[in-house]
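These notes are about the structure you will find just below.
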Amino acid sequence: MHLFRSQNYQMFPDRCSVETTTIRGISWTPLPEALNSKDTMKQFLSDRVVKAARSVYSVMIERNPGLIRDRKYHLKTYRQCCSGKELVDWLMKQNECLQSRSQAVGMWQVLVDEGILVHVKHELNFLDKDTQFYRFQDSEFGLNHMTNEKDSEDELQEGLSLLSQLGPDALLTMILRKCPSQRSAEDLEVIYEELLHVKAATHLSTSVRKELAAVLVFESHAKAGTVLFSQGDKGTSWYIIWKGSVNVITHGKGLVTTLHEGEDFGQLALLNDAPRAATIILREDNCHFLRVDKQDFIRILKDVEANTVRLEEHGKTVLVLEKSADSAVQGGAGNNSKYTVMSGTPEKILEHLLETVKLDSNGNDAIDPCVSDFLLTHKVFMPSSQLCPALQHHCTYQAELSEGSDQEKAAYVLNTKQKVVKLIGQWVALCGILLKEDPIALDFLERLKKEVAGDFRLCSMLKEQFRDRRRTRVLENGYQSLSRNQQFDWFSNCEEPVGRLQPIRAQDKVLYEIYRPDNKPLTLMLPVNTSVQDVMSAIVNPGGDHILVKMNSAGERAQLKLDATAVYTAMGLNERLFICPSSQVEQLTPLKEQQGPERGTTDILEQMGSKDIANELANYDWELFTAMHEAELIYYIFGRHKFPGAITANLERFVRRFNEVQYWVVTELCLCEDLVKRAILLKKFIKIAAVLKEQKNLNSFFAVMFGLSNSAVQRLYKTWERIPSKTKRIYCAYERLMDPSRNHRAYRLAVAKLSPPYIPFMPLLLKDMTFIHEGNPNYVDKLVNFEKMRMIAKTVKIVRGCRSQPYVPSSPQRGLADRMFLEGPATRISTYSDHALPLRSPSNIRHYIQNLKVIDNQRKLTQLSRTIEC
């Protein structure tokens with residue numbers, strides 16, 4: 001059985017105004033003809049779980065018949081059962097990929113939740129213990145179904161794969177069902193990690209989330225229409241919606257709003273010690289909540305206040321610190337600090353962070369994570385024009401110590417300078433080439449370089465620090481020479497991206513193509529950051545009523561504001577720029593080239609190997625990915641207009657590529673009229689997705705998968721029916737990774753197991769950053785909200801981590817026999833034996849991959865889909 005869904009995940013940056021970028025995410029809508037209710041989806045999943053249980057049970061009976069037997073415990077006999085520990089042991093032996101016993105516990109919990117595996121005393125939680133016994137409900141679920149030996153191993157691995165994907169969610173629910181006092185340290189860490197992605201907890205500090213993990217209570221209600229509490233009731237708890245949705249109703253107004261997964265309610269009554277201000281009614285069946293009771297809520301508030309330290313100057317708070325629960329709070333100030341910065345003035349935050357910089361005898365101690373958080377986000381609240389003078393002040397300030405010898409005073413001044421210089425070295429390492437393009441920062445670094453050169457101790461420390469960093473890369477990458485006498489240069493360790501594709505720089509010029517109302521183009525070379533005003537001045541005489549408009553393939557138009565910049569590199573897929581008098585805007589029509597191709601390239605794709613295509617997709621994606629600087633993420637989310645001279649062209653190019661690959665899949669399938677060829681092409685795209693996942697190119701993997709789950713493709717039932725069952729099973733397994741529930745928990749769990757290098761799912765990273773940005777103010781009581789900056793920096797560091805190891809391209813050309821085995825029947829290749837080899841060359845595949853022609857008009861794609869399959 002194949003579960004059809006319609007999905008679309010596109011990035012829609014609004015570059016016509018100076019408003020904050022908005023991102024529309026996944027549209028996960030079951031098609032009417034495939035799924036009519038949530039019960040259908042639940043039944044589909046239940047059927048898959050029963051099938052998985054059947055294969056596990058059959059193999060267990062066959063290989064370990066003595067595992068299920070009568071047990072005696074405390075003078076009582078339990079018939080035909082297994083202990084929890086034995087079940088976990090057995091599963092660990094069958095699946096070598098399991099990294100911990102808790103993963104196996106989660107997999108068995110899936111079967112407990114479905115009622116397939118039952119505790120002899122009907123306990124709800126699966127326990128990994130010798131004294132806890134469980135029975136398979138074999139007769140009720142038909143688990144004794146026999147299969148031949150060849151199929152049993154395939155079905156077992158498929159079943160274990162399904163259970164391993166569902167296991168983490170079942171384990172989390174099991175942990176939440178535990179009484180808070182019975183949760184282990186490992187349980188609390190699981191809950192804490194989950195709270196990082198819950199909307200209602202976005203604005204909370206690390207310590208508050210940790211305290212919440214210890215007191216949250218799981219509460220569920222089965223029926224829609226259940227009243228959780230009524231207006232006027234006494235407030236006793238704060239609720240976070242874990243699953244489902246609720247209606248908020250007040251007297252006189254009726255339905256006020258609807259709250260969904262991740263949102264919260266009930267907090268106001270606890271804070272104000274007032275009656276409930278509204279009635280909460282369940283909007284759907286099986287709603288789950290995380291509840292915090294009033295006494296715990298008040299205690300956490302008091303603990304936060306007790307652990308908060310406020311530094312004041314002239315009667316005003318200038319720095320707010322929170323005492324860490326331990327010496328190594330995750331995401332906090334690190335091992336060398338007892339306090340975490342929560343908020344403060346930029347200058348005081350910098351001053352505090354300089355105090356945390358520790359120096360060993362060589363001045364090479366690891367820098368505090370909190371310092372890197374500051375350096376990655378400083379442009380939001382402390383631009384270079386403010387940061388550089390502040391650093392200069394700390395570097396030249398001669399503190400007047402009231403006590404101590406001249407030697408001690410000199411040592412103190414040197415120590416301060418070393419800390420400043422070390423922090424600056426880290427700044428250069430993080431921001432690299434961007435500082436070269438910042439005139440203020442570059443001038444400051446050049447002046448400081450002369451001062452450092454005059455101090456042997458500072459110069460030696462910096463050279464050693466940079467040499468260590470270079471030595472690390474030599475060990476990892478096996479290149480670069482080390483020279484002790486090499487002249488010091490701030491940017492000696494800043495590497496340009498290696499590849500055919502070079503990053504777009506702010507001073508670069510790009511070719512603008514702007515069309516008149518008669519569709520004739522005007523071309524001119526202008527800098528990337530050119531404003532709309534300057535573009536128009538280069539084309540038309542000033543004082544007219546001309547306007548610049550961007551239009552997509554569907555004919556949707558948007559007038560660009562005069563102060564908007566870099567509009568050409570920010571254009572979406574198949575968008576074009578038009579210039580015309582304001583009176584002629586409605587007469588503009590899309591160009592023929594915007595409509596996309598009229599014929600597909602199925603014949604060309606047939607002759608290319610799936611692995612070869614995936615390799616070239618990965619190679620090109622890596623060039624796009626490495627050309628993008630992490631700072632562009634911050635510019636993009638906070639608004640490029642707030643950072644003078646900043647560009648996001650490389651990030652926008654990478655995001656546009658995601659949309660391009662997604663629509664390439666849909667376009668090719670909808671333009672292939674031959675049913676047999678279309679089925680072969682569909683199978684090829686699933687194979688390409690499989691290789692992309694194996695290569696850890698998650699961005700293109702999801703682009704291909706979202707293309708396959710586009711409604712125009714999903715409705716091609718005749719095509720899907722021709723896909724082999726094994727290929728369908730692979731697709732269904734990948735489809736579960738796209739499940740957006742619990743803030744894309746399935747994807748996050750999969751990514752957590754990856755090691756670099758890998759390409760992340762960029763739209764989701766941008767969604768996370770937007771989520772953090774919109775849910776938290778930049779300033780709290782006129783102080784920089786540094787807790788928000790820390791969360792933003794954490795996401796930016798994910799991108800750094802993905803690229804922390806060098807990417808080694810896969811071999812694009814395999815042996816012919818290998819490709820025949822990968823692609824299936826040899827006849828598919830031999831048919832094109834004389835013509836296929838040139839097309840299969842790496843250069844030709846690369847050229848094809850870099851010049852995809854797509855249709856991005858969803859209405860047109862749907863029409864094409866209905867034409868080829870009524």
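If you're wondering about the labels, chains in the structure tokens are A, B, ... by order shown, residues count from 1 in each chain, ligands from 1 in order shown.
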Pick out each residue of range 497-677 of chain A that DSSP on the backbone tags as strand (DSSP E or B); I need them as a VMD selection string.
chain A and resid 509 to 515 521 to 527 531 546 to 551 557 to 559 565 576 to 581
Within 12 Å of range 164-173 of chain A, which residues of range 245-323 of chain A come that close, and what is the closest atom pair and distance in Å for each? Count only C-alpha atoms and give it as a tab-separated table.
```
residue	atom	partner	partner_atom	distance
A:His288	CA	A:Thr173	CA	9.7
A:Phe289	CA	A:Thr173	CA	10.8
A:Leu290	CA	A:Thr173	CA	10.5
```
Resulting file, chosen residues, N, CA, C and O atoms, as a PDB file, in the first residue's frame:
```pdb
ATOM      1  N   HIS A 288      -2.898  15.538  23.156  1.00  0.00           N
ATOM      2  CA  HIS A 288      -1.924  15.333  24.212  1.00  0.00           C
ATOM      3  C   HIS A 288      -1.374  16.682  24.675  1.00  0.00           C
ATOM      4  O   HIS A 288      -1.149  17.573  23.850  1.00  0.00           O
ATOM      5  N   PHE A 289      -1.141  16.803  25.973  1.00  0.00           N
ATOM      6  CA  PHE A 289      -0.650  18.051  26.540  1.00  0.00           C
ATOM      7  C   PHE A 289       0.528  17.791  27.474  1.00  0.00           C
ATOM      8  O   PHE A 289       0.638  16.719  28.075  1.00  0.00           O
ATOM      9  N   LEU A 290       1.403  18.791  27.587  1.00  0.00           N
ATOM     10  CA  LEU A 290       2.420  18.809  28.627  1.00  0.00           C
ATOM     11  C   LEU A 290       1.947  19.830  29.661  1.00  0.00           C
ATOM     12  O   LEU A 290       1.728  21.000  29.330  1.00  0.00           O
TER      13      LEU A 290
END
```
Best match for closeness to His773 in chain A among A:Ile723, A:Val452, A:Ile792, A:Leu143, counting only C-alpha atoms:
A:Ile792
Considering only C-alpha atoms, state which residue in the set A:Arg299, A:Lys348, A:Lys85, A:His378 is at the smallest distance from Tyr635 in chain A.
A:His378
Atom pair CA of Leu669 in chain A / CA of Val713 in chain A: separation (Å):
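CA of Val713 in chain A lies 7.1 Å from CA of Leu669 in chain A.
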Need to verify the contact set: Phe444 in chain A, 9 Å, only C-alpha atoms, exclusion of same-chain residues closer than 4 positions in sequence. Can you return it as a CSV table (one decimal) with all heavy atoms, in the first residue's frame?
```csv
chain,number,residue,atom,x,y,z
A,388,CYS,N,34.8,47.8,17.2
A,388,CYS,CA,36.3,48.0,17.1
A,388,CYS,C,36.8,49.1,18.1
A,388,CYS,O,37.8,48.8,18.7
A,388,CYS,CB,36.6,48.5,15.6
A,388,CYS,SG,36.3,47.1,14.4
A,389,PRO,N,36.1,50.2,18.2
A,389,PRO,CA,36.6,51.1,19.3
A,389,PRO,C,36.5,50.5,20.7
A,389,PRO,O,37.4,50.8,21.5
A,389,PRO,CB,35.6,52.3,19.2
A,389,PRO,CG,35.0,52.2,17.8
A,389,PRO,CD,35.0,50.8,17.5
A,392,GLN,N,39.5,48.4,21.0
A,392,GLN,CA,40.7,49.2,21.1
A,392,GLN,C,40.9,49.8,22.5
A,392,GLN,O,42.0,49.9,23.0
A,392,GLN,CB,40.6,50.4,20.0
A,392,GLN,CG,41.8,51.3,19.9
A,392,GLN,CD,43.0,50.5,19.4
A,392,GLN,OE1,42.9,49.8,18.4
A,392,GLN,NE2,44.2,50.8,20.0
A,439,PRO,N,35.4,47.9,5.7
A,439,PRO,CA,36.4,48.9,5.8
A,439,PRO,C,36.8,49.3,7.3
A,439,PRO,O,38.0,49.4,7.6
A,439,PRO,CB,35.9,50.2,5.1
A,439,PRO,CG,34.7,49.6,4.3
A,439,PRO,CD,34.2,48.4,5.0
A,440,ILE,N,35.8,49.4,8.2
A,440,ILE,CA,36.1,49.7,9.5
A,440,ILE,C,36.9,48.6,10.2
A,440,ILE,O,37.9,48.9,10.9
A,440,ILE,CB,34.8,50.0,10.3
A,440,ILE,CG1,34.1,51.2,9.7
A,440,ILE,CG2,35.0,50.2,11.8
A,440,ILE,CD1,32.7,51.5,10.3
A,448,LEU,N,46.0,47.4,14.6
A,448,LEU,CA,46.3,46.5,15.7
A,448,LEU,C,47.5,45.6,15.3
A,448,LEU,O,48.3,45.3,16.2
A,448,LEU,CB,45.1,45.7,16.0
A,448,LEU,CG,45.3,44.8,17.3
A,448,LEU,CD1,45.5,45.6,18.5
A,448,LEU,CD2,44.0,43.9,17.5
A,449,LYS,N,47.6,45.3,14.0
A,449,LYS,CA,48.7,44.4,13.6
A,449,LYS,C,50.0,45.1,13.8
A,449,LYS,O,51.0,44.4,14.3
A,449,LYS,CB,48.5,44.1,12.1
A,449,LYS,CG,49.6,43.3,11.5
A,449,LYS,CD,49.3,43.1,10.0
A,449,LYS,CE,50.5,42.4,9.3
A,449,LYS,NZ,50.2,42.2,7.8
```
Give me the residues within 8 Å of range 612-622 of chain A as a list in words, counting only C-alpha atoms and dropping any in the same chain fewer than 5 places off.
Phe654, Ile688, Ala689, Val691, Leu692, Gln695, Asn697, Ser700, Ile759, Tyr807, Pro809, Ser810, Ser811, Pro812, Gln813, Arg840, Pro842, Ile845, Arg846, Ile849 and Gln850 of chain A
Separation of CA of Cys395 in chain A and CA of Lys450 in chain A, in Å?
13.1 Å
In range 29-136 of chain A, what's alpha helix (DSSP H) per DSSP? Answer as a PyMOL selection string?
chain A and resi 38-63+84-94+101-113
Which is closer to Lys693 in chain A than all the others in A:Thr250, A:Leu127, A:Tyr731, A:Ile280, using only C-alpha atoms?
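That would be A:Tyr731, the residue with the smallest distance to Lys693 in chain A.
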Polymer residues at most 6 Å from range 257-273 of chain A, only C-alpha atoms, same-chain spacing of 5 or more positions, as a PyMOL selection string
chain A and resi 198-200+235+238-248
Which is closer to Lys677 in chain A than all the others in A:Asp563, A:Phe701, A:Met342, A:Leu605, using only C-alpha atoms?
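Closest to Lys677 in chain A of all the choices is A:Leu605.
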With only C-alpha atoms as the atoms that count, which of A:Met738, A:Leu861, A:Val120, A:Val217 lies nearest to Glu668 in chain A?
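Answer, going by the shortest atom-to-atom distance: A:Leu861.
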Between A:Ala274, A:Leu716, A:Met705, A:Leu212, which residue has the minimum interatomic distance to Glu673 in chain A, considering only C-alpha atoms?
A:Leu716
